[in-house]
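Q: There's a structure below that I have some questions on.
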Amino acid sequence: MPLTMAKAGETVTIRKITGRDEVRQHLAELGFVVGESVTVISRLGGNLILQVKDSRIALDQTLAQRILVA
């Protein structure tokens, strides 16, 4: 399922990242890599505040759709 379907407070594991190479590279630089755990802190108007590793990162809905989790 895409990351946008995860509920606030839920911790999920990244299974796949889709999109062009530039998009995948950008997400990897932010810490979104396959096998990493991500916690959804909150949702604001479709955008997500996420905890990944020791950082909180905001992603818009378009980028969050590209991250597939389980």
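Going by the structure tokens order, chains are called A, B, ..., each with residues numbered from 1, while ligands are numbered from 1 in the order shown.
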Hey, which bits of range 3-22 of chain A sit within 9 Å of range 45-68 of chain A, and for each residue what's the closest pair of atoms and how far apart in Å (one decimal), counting only C-alpha atoms, rows by chain and increasing number, as JSON lines?

A:
{"residue": "A:Leu3", "atom": "CA", "partner": "A:Ala64", "partner_atom": "CA", "distance": 5.6}
{"residue": "A:Thr4", "atom": "CA", "partner": "A:Ala64", "partner_atom": "CA", "distance": 5.8}
{"residue": "A:Met5", "atom": "CA", "partner": "A:Gln65", "partner_atom": "CA", "distance": 8.7}
{"residue": "A:Ala8", "atom": "CA", "partner": "A:Leu48", "partner_atom": "CA", "distance": 8.9}
{"residue": "A:Thr13", "atom": "CA", "partner": "A:Leu68", "partner_atom": "CA", "distance": 8.6}
{"residue": "A:Ile14", "atom": "CA", "partner": "A:Leu68", "partner_atom": "CA", "distance": 6.0}
{"residue": "A:Arg15", "atom": "CA", "partner": "A:Leu68", "partner_atom": "CA", "distance": 5.7}
{"residue": "A:Lys16", "atom": "CA", "partner": "A:Leu68", "partner_atom": "CA", "distance": 5.1}
{"residue": "A:Ile17", "atom": "CA", "partner": "A:Ile67", "partner_atom": "CA", "distance": 4.7}
{"residue": "A:Thr18", "atom": "CA", "partner": "A:Arg66", "partner_atom": "CA", "distance": 5.0}
{"residue": "A:Gly19", "atom": "CA", "partner": "A:Arg66", "partner_atom": "CA", "distance": 6.5}

Q: Any chance you can output those residues with all heavy atoms as a PDB file, in the first residue's frame?

A:
ATOM      1  N   LEU A   3       2.307   4.893   1.172  1.00  0.00           N
ATOM      2  CA  LEU A   3       2.492   5.498   2.492  1.00  0.00           C
ATOM      3  C   LEU A   3       1.328   6.411   2.870  1.00  0.00           C
ATOM      4  O   LEU A   3       1.005   6.555   4.041  1.00  0.00           O
ATOM      5  CB  LEU A   3       3.812   6.276   2.512  1.00  0.00           C
ATOM      6  CG  LEU A   3       4.235   6.922   3.820  1.00  0.00           C
ATOM      7  CD1 LEU A   3       4.301   5.901   4.949  1.00  0.00           C
ATOM      8  CD2 LEU A   3       5.581   7.599   3.660  1.00  0.00           C
ATOM      9  N   THR A   4       0.666   6.989   1.884  1.00  0.00           N
ATOM     10  CA  THR A   4      -0.446   7.908   2.172  1.00  0.00           C
ATOM     11  C   THR A   4      -1.619   7.202   2.845  1.00  0.00           C
ATOM     12  O   THR A   4      -2.461   7.862   3.444  1.00  0.00           O
ATOM     13  CB  THR A   4      -0.949   8.581   0.882  1.00  0.00           C
ATOM     14  OG1 THR A   4      -1.241   7.571  -0.082  1.00  0.00           O
ATOM     15  CG2 THR A   4       0.084   9.535   0.330  1.00  0.00           C
ATOM     16  N   MET A   5      -1.683   5.881   2.789  1.00  0.00           N
ATOM     17  CA  MET A   5      -2.782   5.146   3.421  1.00  0.00           C
ATOM     18  C   MET A   5      -2.507   4.809   4.888  1.00  0.00           C
ATOM     19  O   MET A   5      -3.404   4.348   5.593  1.00  0.00           O
ATOM     20  CB  MET A   5      -3.086   3.886   2.630  1.00  0.00           C
ATOM     21  CG  MET A   5      -3.610   4.173   1.232  1.00  0.00           C
ATOM     22  SD  MET A   5      -4.100   2.710   0.351  1.00  0.00           S
ATOM     23  CE  MET A   5      -5.555   2.248   1.270  1.00  0.00           C
ATOM     24  N   ALA A   8      -2.088   8.103  11.239  1.00  0.00           N
ATOM     25  CA  ALA A   8      -1.220   8.822  12.177  1.00  0.00           C
ATOM     26  C   ALA A   8      -0.890   7.909  13.356  1.00  0.00           C
ATOM     27  O   ALA A   8      -1.760   7.214  13.880  1.00  0.00           O
ATOM     28  CB  ALA A   8      -1.902  10.098  12.651  1.00  0.00           C
ATOM     29  N   THR A  13       7.047  -0.296   7.353  1.00  0.00           N
ATOM     30  CA  THR A  13       8.355  -0.574   6.766  1.00  0.00           C
ATOM     31  C   THR A  13       8.286  -0.346   5.261  1.00  0.00           C
ATOM     32  O   THR A  13       7.361  -0.829   4.610  1.00  0.00           O
ATOM     33  CB  THR A  13       8.779  -2.025   7.049  1.00  0.00           C
ATOM     34  OG1 THR A  13       8.792  -2.218   8.469  1.00  0.00           O
ATOM     35  CG2 THR A  13      10.166  -2.310   6.498  1.00  0.00           C
ATOM     36  N   ILE A  14       9.271   0.362   4.728  1.00  0.00           N
ATOM     37  CA  ILE A  14       9.309   0.651   3.297  1.00  0.00           C
ATOM     38  C   ILE A  14       9.640  -0.635   2.535  1.00  0.00           C
ATOM     39  O   ILE A  14      10.610  -1.321   2.847  1.00  0.00           O
ATOM     40  CB  ILE A  14      10.361   1.737   2.985  1.00  0.00           C
ATOM     41  CG1 ILE A  14       9.971   3.038   3.683  1.00  0.00           C
ATOM     42  CG2 ILE A  14      10.495   1.941   1.477  1.00  0.00           C
ATOM     43  CD1 ILE A  14      11.021   4.131   3.573  1.00  0.00           C
ATOM     44  N   ARG A  15       8.816  -0.958   1.530  1.00  0.00           N
ATOM     45  CA  ARG A  15       9.020  -2.157   0.718  1.00  0.00           C
ATOM     46  C   ARG A  15       9.537  -1.812  -0.676  1.00  0.00           C
ATOM     47  O   ARG A  15      10.275  -2.592  -1.267  1.00  0.00           O
ATOM     48  CB  ARG A  15       7.710  -2.941   0.574  1.00  0.00           C
ATOM     49  CG  ARG A  15       7.216  -3.503   1.873  1.00  0.00           C
ATOM     50  CD  ARG A  15       8.141  -4.620   2.330  1.00  0.00           C
ATOM     51  NE  ARG A  15       7.700  -5.143   3.607  1.00  0.00           N
ATOM     52  CZ  ARG A  15       8.510  -5.514   4.568  1.00  0.00           C
ATOM     53  NH1 ARG A  15       9.797  -5.433   4.423  1.00  0.00           N
ATOM     54  NH2 ARG A  15       8.045  -5.966   5.697  1.00  0.00           N
ATOM     55  N   LYS A  16       9.124  -0.667  -1.231  1.00  0.00           N
ATOM     56  CA  LYS A  16       9.524  -0.299  -2.584  1.00  0.00           C
ATOM     57  C   LYS A  16       9.326   1.197  -2.763  1.00  0.00           C
ATOM     58  O   LYS A  16       8.431   1.778  -2.162  1.00  0.00           O
ATOM     59  CB  LYS A  16       8.673  -1.062  -3.606  1.00  0.00           C
ATOM     60  CG  LYS A  16       9.062  -0.843  -5.036  1.00  0.00           C
ATOM     61  CD  LYS A  16       8.219  -1.699  -5.973  1.00  0.00           C
ATOM     62  CE  LYS A  16       8.631  -1.444  -7.405  1.00  0.00           C
ATOM     63  NZ  LYS A  16       7.836  -2.229  -8.350  1.00  0.00           N
ATOM     64  N   ILE A  17      10.178   1.808  -3.594  1.00  0.00           N
ATOM     65  CA  ILE A  17      10.027   3.215  -3.939  1.00  0.00           C
ATOM     66  C   ILE A  17       9.950   3.294  -5.458  1.00  0.00           C
ATOM     67  O   ILE A  17      10.826   2.784  -6.154  1.00  0.00           O
ATOM     68  CB  ILE A  17      11.197   4.060  -3.399  1.00  0.00           C
ATOM     69  CG1 ILE A  17      11.205   3.964  -1.874  1.00  0.00           C
ATOM     70  CG2 ILE A  17      11.065   5.508  -3.852  1.00  0.00           C
ATOM     71  CD1 ILE A  17      12.346   4.659  -1.204  1.00  0.00           C
ATOM     72  N   THR A  18       8.879   3.915  -5.962  1.00  0.00           N
ATOM     73  CA  THR A  18       8.661   4.005  -7.399  1.00  0.00           C
ATOM     74  C   THR A  18       9.016   5.399  -7.898  1.00  0.00           C
ATOM     75  O   THR A  18       9.235   6.316  -7.113  1.00  0.00           O
ATOM     76  CB  THR A  18       7.200   3.685  -7.754  1.00  0.00           C
ATOM     77  OG1 THR A  18       6.356   4.668  -7.144  1.00  0.00           O
ATOM     78  CG2 THR A  18       6.795   2.309  -7.261  1.00  0.00           C
ATOM     79  N   GLY A  19       9.043   5.537  -9.202  1.00  0.00           N
ATOM     80  CA  GLY A  19       9.310   6.844  -9.801  1.00  0.00           C
ATOM     81  C   GLY A  19      10.629   6.872 -10.543  1.00  0.00           C
ATOM     82  O   GLY A  19      11.348   5.871 -10.619  1.00  0.00           O
TER      83      GLY A  19
END

Q: Do you have the CA of Ala70 in chain A-CA of Met1 in chain A distance handy?

A: 6.5 Å

Q: From a DSSP pass on the backbone, collect the residues of range 11-46 of chain A flagged as strand (DSSP E) and hand them back as JSON, numbers by chain.

A: {"A": [11, 12, 13, 14, 15, 16, 17, 37, 38, 39, 40, 41, 42, 43, 44]}

Q: Any chance you could export the current selection's C-alpha atoms as an mmCIF file, in the first residue's frame?

A:
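Writing done, so here's out-v8.cif:
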data_model
loop_
_atom_site.group_PDB
_atom_site.id
_atom_site.type_symbol
_atom_site.label_atom_id
_atom_site.label_comp_id
_atom_site.auth_asym_id
_atom_site.auth_seq_id
_atom_site.Cartn_x
_atom_site.Cartn_y
_atom_site.Cartn_z
ATOM 1 C CA THR A 11 4.870 2.598 12.039
ATOM 2 C CA VAL A 12 5.412 0.898 8.690
ATOM 3 C CA THR A 13 8.355 -0.574 6.766
ATOM 4 C CA ILE A 14 9.309 0.651 3.297
ATOM 5 C CA ARG A 15 9.020 -2.157 0.718
ATOM 6 C CA LYS A 16 9.524 -0.299 -2.584
ATOM 7 C CA ILE A 17 10.027 3.215 -3.939
ATOM 8 C CA SER A 37 10.878 1.920 9.373
ATOM 9 C CA VAL A 38 8.816 5.098 9.076
ATOM 10 C CA THR A 39 6.338 6.479 11.623
ATOM 11 C CA VAL A 40 3.499 8.753 10.527
ATOM 12 C CA ILE A 41 3.448 11.609 13.054
ATOM 13 C CA SER A 42 0.534 13.563 11.582
ATOM 14 C CA ARG A 43 -1.376 14.435 8.435
ATOM 15 C CA LEU A 44 -2.016 18.008 7.331
#

Q: Mind listing the alpha helix (DSSP H) residues of chain A, per DSSP on the backbone, as a list in words?

A: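 Matching residues for alpha helix (DSSP H) in chain A are Asp21, Glu22, Val23, Arg24, Gln25, His26, Leu27, Ala28, Glu29, Leu30, Gln61, Thr62, Leu63, Ala64 and Gln65 of chain A.
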